[in-house]
$ cat final13.cif   # mmCIF, C-alpha atoms
data_structure
loop_
_atom_site.label_atom_id
_atom_site.label_comp_id
_atom_site.auth_asym_id
_atom_site.auth_seq_id
_atom_site.Cartn_x
_atom_site.Cartn_y
_atom_site.Cartn_z
CA MET M 235 -39.63 159.74 -83.01
CA LYS M 236 -43.07 158.53 -81.99
CA GLY M 237 -43.01 155.98 -84.85
CA ILE M 238 -39.65 154.64 -83.70
CA PHE M 239 -40.97 154.26 -80.14
CA ILE M 240 -44.04 152.35 -81.37
CA LEU M 241 -41.85 150.09 -83.53
CA PHE M 242 -39.50 149.42 -80.57
CA SER M 243 -42.46 148.66 -78.28
CA ARG M 244 -43.94 146.19 -80.75
CA SER M 245 -40.55 144.51 -81.28
CA PHE M 246 -40.01 144.24 -77.53
CA ALA M 247 -43.48 142.78 -77.05
CA PHE M 248 -42.89 140.21 -79.82
CA LEU M 249 -39.53 139.25 -78.31
CA SER M 250 -41.11 138.86 -74.86
CA ILE M 251 -43.83 136.58 -76.26
CA LEU M 252 -41.22 134.52 -78.19
CA LEU M 253 -39.00 134.11 -75.12
CA GLY M 254 -42.01 133.14 -73.07
CA LEU M 255 -42.99 130.45 -75.56
CA ILE M 256 -39.46 129.05 -75.67
CA SER M 257 -39.23 129.06 -71.88
CA SER M 258 -42.61 127.41 -71.44
CA ARG M 259 -41.71 124.58 -73.84
CA ALA M 260 -38.34 123.82 -72.28
CA GLU M 261 -38.19 120.55 -70.38
CA ALA M 262 -35.16 119.06 -68.61
CA GLN M 263 -32.09 120.19 -70.54
CA TYR M 264 -33.79 120.38 -73.95
CA ASN M 265 -35.59 123.11 -75.91
CA TYR M 266 -38.36 121.70 -78.11
CA SER M 267 -38.32 124.48 -80.66
CA LEU M 268 -37.94 123.04 -84.17
CA ALA M 269 -40.87 123.36 -86.56
CA ILE M 270 -41.10 119.96 -88.27
CA PRO M 271 -42.77 119.55 -91.70
CA ALA M 272 -45.43 116.93 -92.31
CA GLN M 273 -43.97 113.40 -92.31
CA TYR M 274 -46.30 112.12 -95.03
CA GLU M 275 -45.40 114.58 -97.74
CA ASN M 276 -45.46 113.20 -101.32
CA ILE M 277 -45.62 109.49 -100.46
CA LYS M 278 -48.11 107.77 -98.16
CA TYR M 279 -46.79 104.65 -96.45
CA ASP M 280 -49.18 101.84 -95.62
CA LEU M 281 -48.46 101.53 -91.91
CA SER M 282 -50.66 98.43 -91.61
CA LEU M 283 -48.11 96.51 -93.69
CA LEU M 284 -44.97 97.83 -91.99
CA SER M 285 -43.45 95.84 -89.14
CA TYR M 286 -40.09 94.82 -87.73
CA ASN M 287 -40.09 92.13 -90.39
CA ASP M 288 -39.01 94.91 -92.78
CA PHE M 289 -35.89 95.29 -90.65
CA TYR M 290 -35.36 91.56 -90.26
CA GLN M 291 -35.57 90.69 -93.96
CA ASN M 292 -33.80 93.71 -95.44
CA LEU M 293 -30.87 93.71 -93.00
CA ALA M 294 -30.26 89.95 -93.00
CA PRO M 295 -27.95 90.01 -96.07
CA TYR M 296 -25.65 92.52 -94.38
CA GLY M 297 -25.14 91.03 -90.93
CA GLN M 298 -26.26 88.56 -88.30
CA TRP M 299 -29.44 88.70 -86.21
CA ILE M 300 -28.96 87.61 -82.60
CA GLU M 301 -31.56 86.77 -79.96
CA ASP M 302 -30.54 88.16 -76.56
CA ALA M 303 -32.46 87.49 -73.35
CA GLU M 304 -32.48 91.19 -72.36
CA TYR M 305 -32.57 93.10 -75.65
CA GLY M 306 -34.52 90.66 -77.81
CA TYR M 307 -33.45 90.60 -81.46
CA VAL M 308 -30.36 92.72 -82.15
CA TRP M 309 -28.32 92.99 -85.33
CA SER M 310 -24.55 92.71 -85.80
CA PRO M 311 -23.45 94.43 -89.06
CA GLU M 312 -20.86 92.72 -91.25
CA VAL M 313 -18.23 95.44 -90.90
CA ASP M 314 -14.62 95.67 -89.85
CA GLY M 315 -13.34 96.71 -86.45
CA ASN M 316 -13.06 100.39 -87.43
CA PHE M 317 -16.81 100.78 -87.80
CA ARG M 318 -18.66 103.07 -85.45
CA PRO M 319 -22.24 104.32 -85.94
CA TYR M 320 -22.76 107.91 -87.09
CA TYR M 321 -19.11 108.13 -88.14
CA THR M 322 -18.19 105.50 -90.72
CA ASN M 323 -19.25 105.81 -94.37
CA GLY M 324 -21.66 108.70 -93.96
CA HIS M 325 -21.96 112.37 -93.06
CA TRP M 326 -24.25 114.97 -91.53
CA ALA M 327 -26.49 117.15 -93.67
CA MET M 328 -28.57 120.04 -92.42
CA THR M 329 -32.20 119.47 -93.42
CA ASP M 330 -35.55 120.93 -92.47
CA TYR M 331 -35.55 118.28 -89.72
CA GLY M 332 -32.24 119.48 -88.28
CA ASN M 333 -28.95 117.57 -88.52
CA THR M 334 -29.72 114.39 -90.44
CA TRP M 335 -27.35 111.44 -90.86
CA ILE M 336 -26.83 110.43 -94.50
CA SER M 337 -25.39 106.93 -94.70
CA ASP M 338 -23.57 105.27 -97.59
CA TYR M 339 -24.49 101.81 -96.29
CA PRO M 340 -27.41 100.09 -98.06
CA TRP M 341 -28.90 99.39 -94.61
CA GLY M 342 -28.43 102.98 -93.41
CA TRP M 343 -32.13 103.87 -93.92
CA ALA M 344 -32.91 101.63 -90.92
CA CYS M 345 -30.04 101.63 -88.47
CA PHE M 346 -29.39 105.39 -88.25
CA HIS M 347 -33.02 106.54 -88.27
CA TYR M 348 -34.74 103.95 -86.07
CA GLY M 349 -33.66 102.26 -82.88
CA ARG M 350 -30.48 102.52 -80.82
CA TRP M 351 -26.89 101.28 -80.77
CA THR M 352 -24.87 99.62 -78.04
CA TYR M 353 -21.31 98.30 -77.82
CA SER M 354 -20.09 95.00 -76.42
CA SER M 355 -16.46 93.94 -76.18
CA TYR M 356 -17.52 90.52 -77.50
CA TYR M 357 -20.06 91.49 -80.20
CA GLY M 358 -18.80 94.93 -81.21
CA TRP M 359 -21.50 97.43 -82.22
CA LEU M 360 -25.05 96.09 -82.15
CA TRP M 361 -28.24 97.71 -83.38
CA ALA M 362 -31.53 97.32 -81.49
CA PRO M 363 -34.62 98.09 -83.63
CA GLY M 364 -36.95 100.93 -82.72
CA GLN M 365 -40.38 101.99 -83.94
CA HIS M 366 -40.05 105.68 -84.70
CA TRP M 367 -38.19 107.57 -87.41
CA GLY M 368 -35.79 110.39 -86.55
CA PRO M 369 -33.09 112.31 -88.45
CA ALA M 370 -30.59 110.58 -86.13
CA TRP M 371 -30.75 108.99 -82.68
CA VAL M 372 -27.79 110.71 -81.06
CA ASP M 373 -27.06 113.24 -78.35
CA TRP M 374 -25.01 116.38 -79.06
CA ARG M 375 -22.50 118.42 -77.07
CA ASN M 376 -20.59 121.65 -77.69
CA GLY M 377 -17.47 123.03 -76.01
CA ASN M 378 -13.75 123.77 -76.32
CA GLY M 379 -14.17 124.61 -80.01
CA PHE M 380 -15.75 121.25 -80.88
CA TYR M 381 -19.16 119.81 -81.63
CA GLY M 382 -19.64 116.19 -80.64
CA TRP M 383 -22.21 113.45 -80.92
CA ALA M 384 -22.71 109.96 -79.53
CA PRO M 385 -25.27 107.27 -80.42
CA LEU M 386 -28.09 106.84 -77.93
CA SER M 387 -28.13 103.47 -76.21
CA PRO M 388 -31.22 101.27 -75.66
CA GLY M 389 -33.36 102.27 -72.72
CA TYR M 390 -32.25 105.90 -72.42
CA SER M 391 -35.12 108.39 -72.44
CA LEU M 392 -34.62 111.91 -73.76
CA LYS M 393 -37.15 112.99 -71.15
CA SER M 394 -34.70 111.99 -68.45
CA LYS M 395 -33.81 114.70 -65.96
CA THR M 396 -30.13 113.75 -66.23
CA GLU M 397 -27.69 114.30 -69.06
CA TYR M 398 -27.03 111.40 -71.38
CA ALA M 399 -24.34 109.15 -69.91
CA CYS M 400 -22.48 106.72 -72.14
CA PRO M 401 -18.87 105.53 -72.26
CA GLY M 402 -16.67 108.54 -72.99
CA ASP M 403 -15.07 107.01 -76.08
CA TRP M 404 -18.44 106.75 -77.81
CA TRP M 405 -18.26 110.50 -78.48
CA VAL M 406 -16.90 111.92 -81.73
CA PHE M 407 -15.69 115.53 -81.48
CA ILE M 408 -14.69 117.61 -84.51
CA PRO M 409 -14.28 121.34 -85.23
CA PRO M 410 -17.60 122.82 -86.42
CA GLN M 411 -16.31 123.85 -89.86
CA TYR M 412 -16.01 120.16 -90.81
CA LEU M 413 -19.41 119.05 -89.56
CA TYR M 414 -20.82 118.58 -93.07
CA SER M 415 -17.64 117.40 -94.77
CA GLY M 416 -17.75 113.65 -94.20
CA ASN M 417 -14.43 111.76 -93.94
CA TYR M 418 -14.50 112.51 -90.20
CA TYR M 419 -11.41 110.45 -89.47
CA ARG M 420 -9.45 113.40 -90.90
CA TYR M 421 -10.79 115.87 -88.37
CA ARG M 422 -11.81 113.77 -85.40
CA ASN M 423 -10.16 114.83 -82.17
CA GLY M 424 -9.80 111.21 -81.13
CA THR M 425 -10.70 109.71 -77.80
CA LYS M 426 -7.59 110.73 -75.88
CA ASN M 427 -8.97 114.22 -75.16
CA ASN M 428 -12.64 113.25 -74.81
CA LYS M 429 -12.53 113.38 -71.02
CA ASP M 430 -11.41 117.03 -71.01
CA ILE M 431 -13.89 118.05 -73.71
CA LEU M 432 -16.77 116.31 -71.97
CA ARG M 433 -15.88 118.07 -68.73
CA ASN M 434 -15.82 121.47 -70.46
CA SER M 435 -18.77 121.04 -72.80
CA ALA M 436 -22.54 121.30 -72.50
CA THR M 437 -25.51 119.52 -74.01
CA VAL M 438 -26.79 121.06 -77.23
CA ASP M 439 -30.37 121.44 -76.09
CA HIS M 440 -32.23 121.74 -79.40
CA ALA M 441 -34.85 119.01 -79.45
CA TYR M 442 -38.22 118.33 -81.02
CA GLU M 443 -41.19 116.59 -79.42
CA ASN M 444 -44.41 115.45 -81.05
CA ASP M 445 -46.79 112.76 -79.73
CA ASN M 446 -44.20 111.83 -77.09
CA ILE M 447 -41.53 111.20 -79.73
CA ILE M 448 -38.39 113.25 -79.02
CA PHE M 449 -35.18 113.61 -80.97
CA VAL M 450 -32.24 115.97 -80.52
CA TYR M 451 -31.46 117.76 -83.77
CA GLY M 452 -28.15 119.32 -82.76
CA PRO M 453 -26.59 122.66 -83.68
CA GLN M 454 -28.50 125.08 -85.89
CA ALA M 455 -27.26 126.36 -89.24
CA LEU M 456 -26.62 129.87 -87.89
CA GLN M 457 -24.38 128.38 -85.17
CA ILE M 458 -22.21 126.55 -87.73
CA GLN M 459 -22.08 129.31 -90.34
CA PRO M 460 -19.48 131.51 -88.56
CA ALA M 461 -17.04 128.59 -88.62
CA THR M 462 -17.63 127.72 -92.29
CA HIS M 463 -17.62 131.38 -93.44
CA GLN M 464 -20.40 130.56 -95.88
CA PRO M 465 -24.11 129.76 -95.69
CA VAL M 466 -24.96 126.24 -94.57
CA THR M 467 -27.04 124.42 -97.18
CA VAL M 468 -30.38 123.32 -95.74
CA PHE M 469 -31.69 120.34 -97.68
CA LYS M 470 -35.37 119.55 -97.99
CA LEU M 471 -36.08 116.03 -96.76
CA SER M 472 -38.84 114.10 -98.54
CA ASN M 473 -40.10 110.53 -98.66
CA SER M 474 -38.83 107.81 -100.97
CA ASN M 475 -40.77 104.69 -101.91
CA ASN M 476 -37.64 102.49 -101.92
CA LEU M 477 -34.66 101.87 -99.66
CA TYR M 478 -32.22 104.08 -101.57
CA THR M 479 -31.32 107.57 -100.40
CA LYS M 480 -31.05 110.00 -103.31
CA LEU M 481 -30.04 113.62 -103.82
CA HIS M 482 -31.90 115.88 -106.25
CA GLY M 483 -30.51 119.42 -106.05
CA ILE M 484 -31.22 120.51 -102.50
CA GLU M 485 -33.77 117.72 -101.92
CA ILE M 486 -32.85 114.48 -100.15
CA LYS M 487 -35.26 111.60 -100.71
CA MET M 488 -35.18 108.94 -98.00
CA TYR M 489 -37.25 105.89 -97.09
CA ARG M 490 -38.73 106.93 -93.75
CA PRO M 491 -42.10 105.63 -92.57
CA ALA M 492 -42.96 107.55 -89.41
CA GLU M 493 -43.48 104.30 -87.51
CA ILE M 494 -42.55 100.65 -88.01
CA ARG M 495 -44.40 98.45 -85.53
CA PRO M 496 -43.02 95.37 -83.77
CA VAL M 497 -46.20 93.51 -84.82
CA ALA M 498 -47.87 93.95 -88.21
CA LYS M 499 -51.44 95.26 -87.97
CA ASN M 500 -52.70 93.09 -90.81
CA SER M 501 -51.60 89.77 -89.28
CA GLY M 502 -51.05 90.50 -85.59
CA GLU M 503 -48.11 88.12 -85.63
CA LYS M 504 -44.64 88.83 -84.32
CA ALA M 505 -41.98 88.18 -86.97
CA ILE M 506 -38.72 86.31 -86.43
CA PRO M 507 -35.48 87.27 -88.22
CA PRO M 508 -34.11 84.79 -90.77
CA ASN M 509 -31.15 82.66 -89.66
CA VAL M 510 -31.26 84.20 -86.18
CA VAL M 511 -28.82 82.74 -83.63
CA ARG M 512 -29.15 82.63 -79.87
CA ALA M 513 -26.64 84.93 -78.15
CA PRO M 514 -23.59 82.87 -77.10
CA ARG M 515 -23.28 85.23 -74.13
CA PRO M 516 -25.46 88.07 -72.80
CA VAL M 517 -25.01 91.41 -74.54
CA GLY M 518 -25.06 93.19 -71.18
CA LYS M 519 -24.72 96.89 -70.43
CA PRO M 520 -23.13 99.33 -72.91
CA GLU M 521 -19.34 99.03 -72.72
CA SER M 522 -16.39 101.27 -73.52
CA ILE M 523 -14.79 100.68 -76.91
CA ASN M 524 -11.41 100.81 -75.17
CA GLY M 525 -9.36 100.27 -78.33
CA GLY M 526 -11.68 97.58 -79.66
CA GLU M 527 -12.45 99.59 -82.80
CA TYR M 528 -9.08 98.57 -84.24
CA SER M 529 -9.75 94.83 -84.15
CA THR M 530 -12.56 92.60 -85.35
CA PRO M 531 -14.90 91.63 -82.48
CA LEU M 532 -14.65 87.98 -81.45
CA PHE M 533 -18.25 87.28 -82.46
CA ARG M 534 -17.75 88.62 -85.98
CA ALA M 535 -14.40 86.86 -86.40
CA ASN M 536 -16.19 83.51 -86.02
CA LEU M 537 -18.84 84.27 -88.68
CA PRO M 538 -18.34 83.70 -92.42
CA LYS M 539 -18.73 86.58 -94.87
CA SER M 540 -22.17 86.26 -96.40
CA THR M 541 -23.23 89.48 -98.15
CA PRO M 542 -24.46 88.49 -101.65
CA SER M 543 -23.38 90.64 -104.58
CA ASP M 544 -27.00 91.23 -105.61
CA ALA M 545 -28.34 92.22 -102.17
CA VAL M 546 -30.79 95.12 -102.13
CA GLY M 547 -28.96 98.43 -102.31
CA SER M 548 -25.47 96.92 -102.58
CA HIS M 549 -24.67 98.56 -105.92
CA SER M 550 -27.03 101.49 -106.38
CA PRO M 551 -25.81 103.98 -109.02
CA GLU M 552 -28.02 106.59 -107.37
CA GLY M 553 -26.54 106.40 -103.89
CA ILE M 554 -26.40 109.84 -102.29
CA LYS M 555 -23.03 111.56 -102.04
CA PRO M 556 -23.55 115.29 -101.37
CA ALA M 557 -20.05 115.41 -99.81
CA PRO M 558 -16.86 113.60 -100.92
CA GLN M 559 -16.72 110.22 -99.24
CA GLN M 560 -13.92 107.74 -98.73
CA ASN M 561 -14.04 104.25 -97.30
CA ASP M 562 -10.80 104.77 -95.41
CA ASN M 563 -11.71 104.48 -91.74
CA SER M 564 -8.15 104.92 -90.55
CA PRO M 565 -7.81 106.53 -87.13
CA THR M 566 -6.31 109.97 -86.80
CA LYS M 567 -2.83 110.42 -85.40
CA TRP M 568 -4.42 111.07 -81.99
CA ASP M 569 -5.88 107.58 -82.02
CA ALA M 570 -2.69 105.77 -82.88
CA LYS M 571 -1.47 103.49 -80.14
#

$ encode --input "final13.cif" --output "structure tokens"
Amino acid sequence: MKGIFILFSRSFAFLSILLGLISSRAEAQYNYSLAIPAQYENIKYDLSLLSYNDFYQNLAPYGQWIEDAEYGYVWSPEVDGNFRPYYTNGHWAMTDYGNTWISDYPWGWACFHYGRWTYSSYYGWLWAPGQHWGPAWVDWRNGNGFYGWAPLSPGYSLKSKTEYACPGDWWVFIPPQYLYSGNYYRYRNGTKNNKDILRNSATVDHAYENDNIIFVYGPQALQIQPATHQPVTVFKLSNSNNLYTKLHGIEIKMYRPAEIRPVAKNSGEKAIPPNVVRAPRPVGKPESINGGEYSTPLFRANLPKSTPSDAVGSHSPEGIKPAPQQNDNSPTKWDAK
């Protein structure tokens, strides 16, 4: 009996210390509680040679760079009107960095792990480069039997004391058992009920902070497992020395320098994207999609198709596909007009 009491006392003391640590590290609506492995495992990137020019050159074959007075250089991907970031041609995978977006696009290494997205009724979805790598730059919510995510827009700080506010139709909500399935158009709740779900949901407050870099890593494996009725596979994320994302067993290899600087250290010069055009009209504040995902944006409709067949990553036999993927981006019945 005495041994049981001692064991209980020690367990209670450990729990008290753990709760105290979690409480002391909480800031705003987020808990910074994920233990992140070393970023430079296996492959060392030469940060002195990495700059935004890596974005400019490698993304140029797949879209159009635009110079905007407010945002600077932003990129318009050559995609159809059904594209939306963190939804089309990709899926979530649980890794040792939390929920990580795995893209089937050859430019996915950049646009879903650095920078932010915004939407314009004229330009469609635009990507603004960012310096720091993350498993995904989204915010997460949970409620009414759904998990949901939305891309973070330029200028929003995760240290903000307010919840992330973006147009309501940016959010994708699906039942948790399909979170790692891909093909989200099959399970997406659609935008018609987003207002109710947003009203009855809460921020998923799992976040990580290191050297003032914060990302939200979303639901934990143990939170999803009851819905899937089987263990959630946790992949090990490691560095790749090329732009392809590959799967080896339970290891995902991804090109992911911790930081890509606007100006290269070795030259000190600011790069300019190839074939950049001046914005015909200001990009402006983030806008509601408002049905625009079903039609090609005006800006893209006026541009010729230009992706060359031999562009980097356009036909990789080693492209990662841990989950069945389809290119059908058709809306669900809830989205039909």

$ residues_near_point --input "final13.cif" --point "(-39.9, 106.4, -88.1)" --cutoff "9 Å" --atoms "all atoms listed in the file" --output "ChimeraX atom specification"
/M:344,347-348,364-368,490-494

$ residues_around --input "final13.cif" --residues "Glu485 (chain M)" --least-positions-apart "3" --cutoff "7 Å" --atoms "only C-alpha atoms" --output "ChimeraX atom specification"
/M:469-471,481-482

$ atom_distance --input "final13.cif" --atom1 "CA of Ile448 (chain M)" --atom2 "CA of Tyr421 (chain M)"
29.3 Å

$ closest_residue --input "final13.cif" --among "M:Ser394, M:Asn292, M:Thr322, M:Ser387" --to "Arg350 (chain M)" --atoms "all atoms listed in the file"
M:Ser387

$ residues_near_point --input "final13.cif" --point "(-20.5, 97.4, -75.4)" --cutoff "8 Å" --atoms "all atoms listed in the file" --output "PDB file with C-alpha atoms, keeping the file's coordinate frame"
ATOM      1  CA  THR M 352     -24.870  99.620 -78.040  1.00  0.00           C
ATOM      2  CA  TYR M 353     -21.310  98.300 -77.820  1.00  0.00           C
ATOM      3  CA  SER M 354     -20.090  95.000 -76.420  1.00  0.00           C
ATOM      4  CA  SER M 355     -16.460  93.940 -76.180  1.00  0.00           C
ATOM      5  CA  TYR M 356     -17.520  90.520 -77.500  1.00  0.00           C
ATOM      6  CA  TYR M 357     -20.060  91.490 -80.200  1.00  0.00           C
ATOM      7  CA  GLY M 358     -18.800  94.930 -81.210  1.00  0.00           C
ATOM      8  CA  TRP M 359     -21.500  97.430 -82.220  1.00  0.00           C
ATOM      9  CA  VAL M 517     -25.010  91.410 -74.540  1.00  0.00           C
ATOM     10  CA  GLY M 518     -25.060  93.190 -71.180  1.00  0.00           C
ATOM     11  CA  LYS M 519     -24.720  96.890 -70.430  1.00  0.00           C
ATOM     12  CA  PRO M 520     -23.130  99.330 -72.910  1.00  0.00           C
ATOM     13  CA  GLU M 521     -19.340  99.030 -72.720  1.00  0.00           C
ATOM     14  CA  SER M 522     -16.390 101.270 -73.520  1.00  0.00           C
ATOM     15  CA  ILE M 523     -14.790 100.680 -76.910  1.00  0.00           C
TER      16      ILE M 523
END

$ resolve_selection --input "final13.cif" --expression "the PyMOL selection byres ((chain M and resi 382) around 6)" --output "list in words"
Trp374, Arg375, Tyr381, Trp383, Val406 and Phe407 of chain M

$ atom_distance --input "final13.cif" --atom1 "CA of Gln457 (chain M)" --atom2 "CA of Tyr414 (chain M)"
13.1 Å

$ resolve_selection --input "final13.cif" --expression "the PyMOL selection byres ((chain M and resi 289) around 10)" --output "ChimeraX atom specification"
/M:284-288,290-294,309,341,343-345,348,363-364,494,496,507

$ atom_distance --input "final13.cif" --atom1 "CA of Val510 (chain M)" --atom2 "CA of Ser310 (chain M)"
10.8 Å

$ closest_atom_pairs --input "final13.cif" --of "region 427-483 of chain M" --to "region 324-338 of chain M" --cutoff "10 Å" --atoms "all atoms listed in the file" --output "tab-separated table"
residue	atom	partner	partner_atom	distance
M:His440	CA	M:Gly332	CA	9.2
M:Ala441	CA	M:Gly332	CA	9.2
M:Tyr442	CA	M:Tyr331	CA	9.1
M:Phe449	CA	M:Gly332	CA	9.8
M:Val450	CA	M:Gly332	CA	8.5
M:Tyr451	CA	M:Gly332	CA	4.9
M:Gly452	CA	M:Asn333	CA	6.1
M:Pro453	CA	M:Asn333	CA	7.4
M:Gln454	CA	M:Gly332	CA	7.1
M:Ala455	CA	M:Met328	CA	7.2
M:Val466	CA	M:Met328	CA	7.5
M:Thr467	CA	M:Met328	CA	6.6
M:Val468	CA	M:Thr329	CA	4.8
M:Phe469	CA	M:Thr329	CA	4.4
M:Lys470	CA	M:Thr329	CA	5.6
M:Leu471	CA	M:Thr329	CA	6.2
M:Ser472	CA	M:Asp330	CA	9.7
M:Tyr478	CA	M:Asp338	CA	9.6
M:Thr479	CA	M:Ile336	CA	7.9
M:Lys480	CA	M:Ile336	CA	9.8

$ closest_residue --input "final13.cif" --among "M:Ala461, M:Ala535, M:Tyr398, M:Glu443" --to "Phe380 (chain M)" --atoms "only C-alpha atoms"
M:Ala461
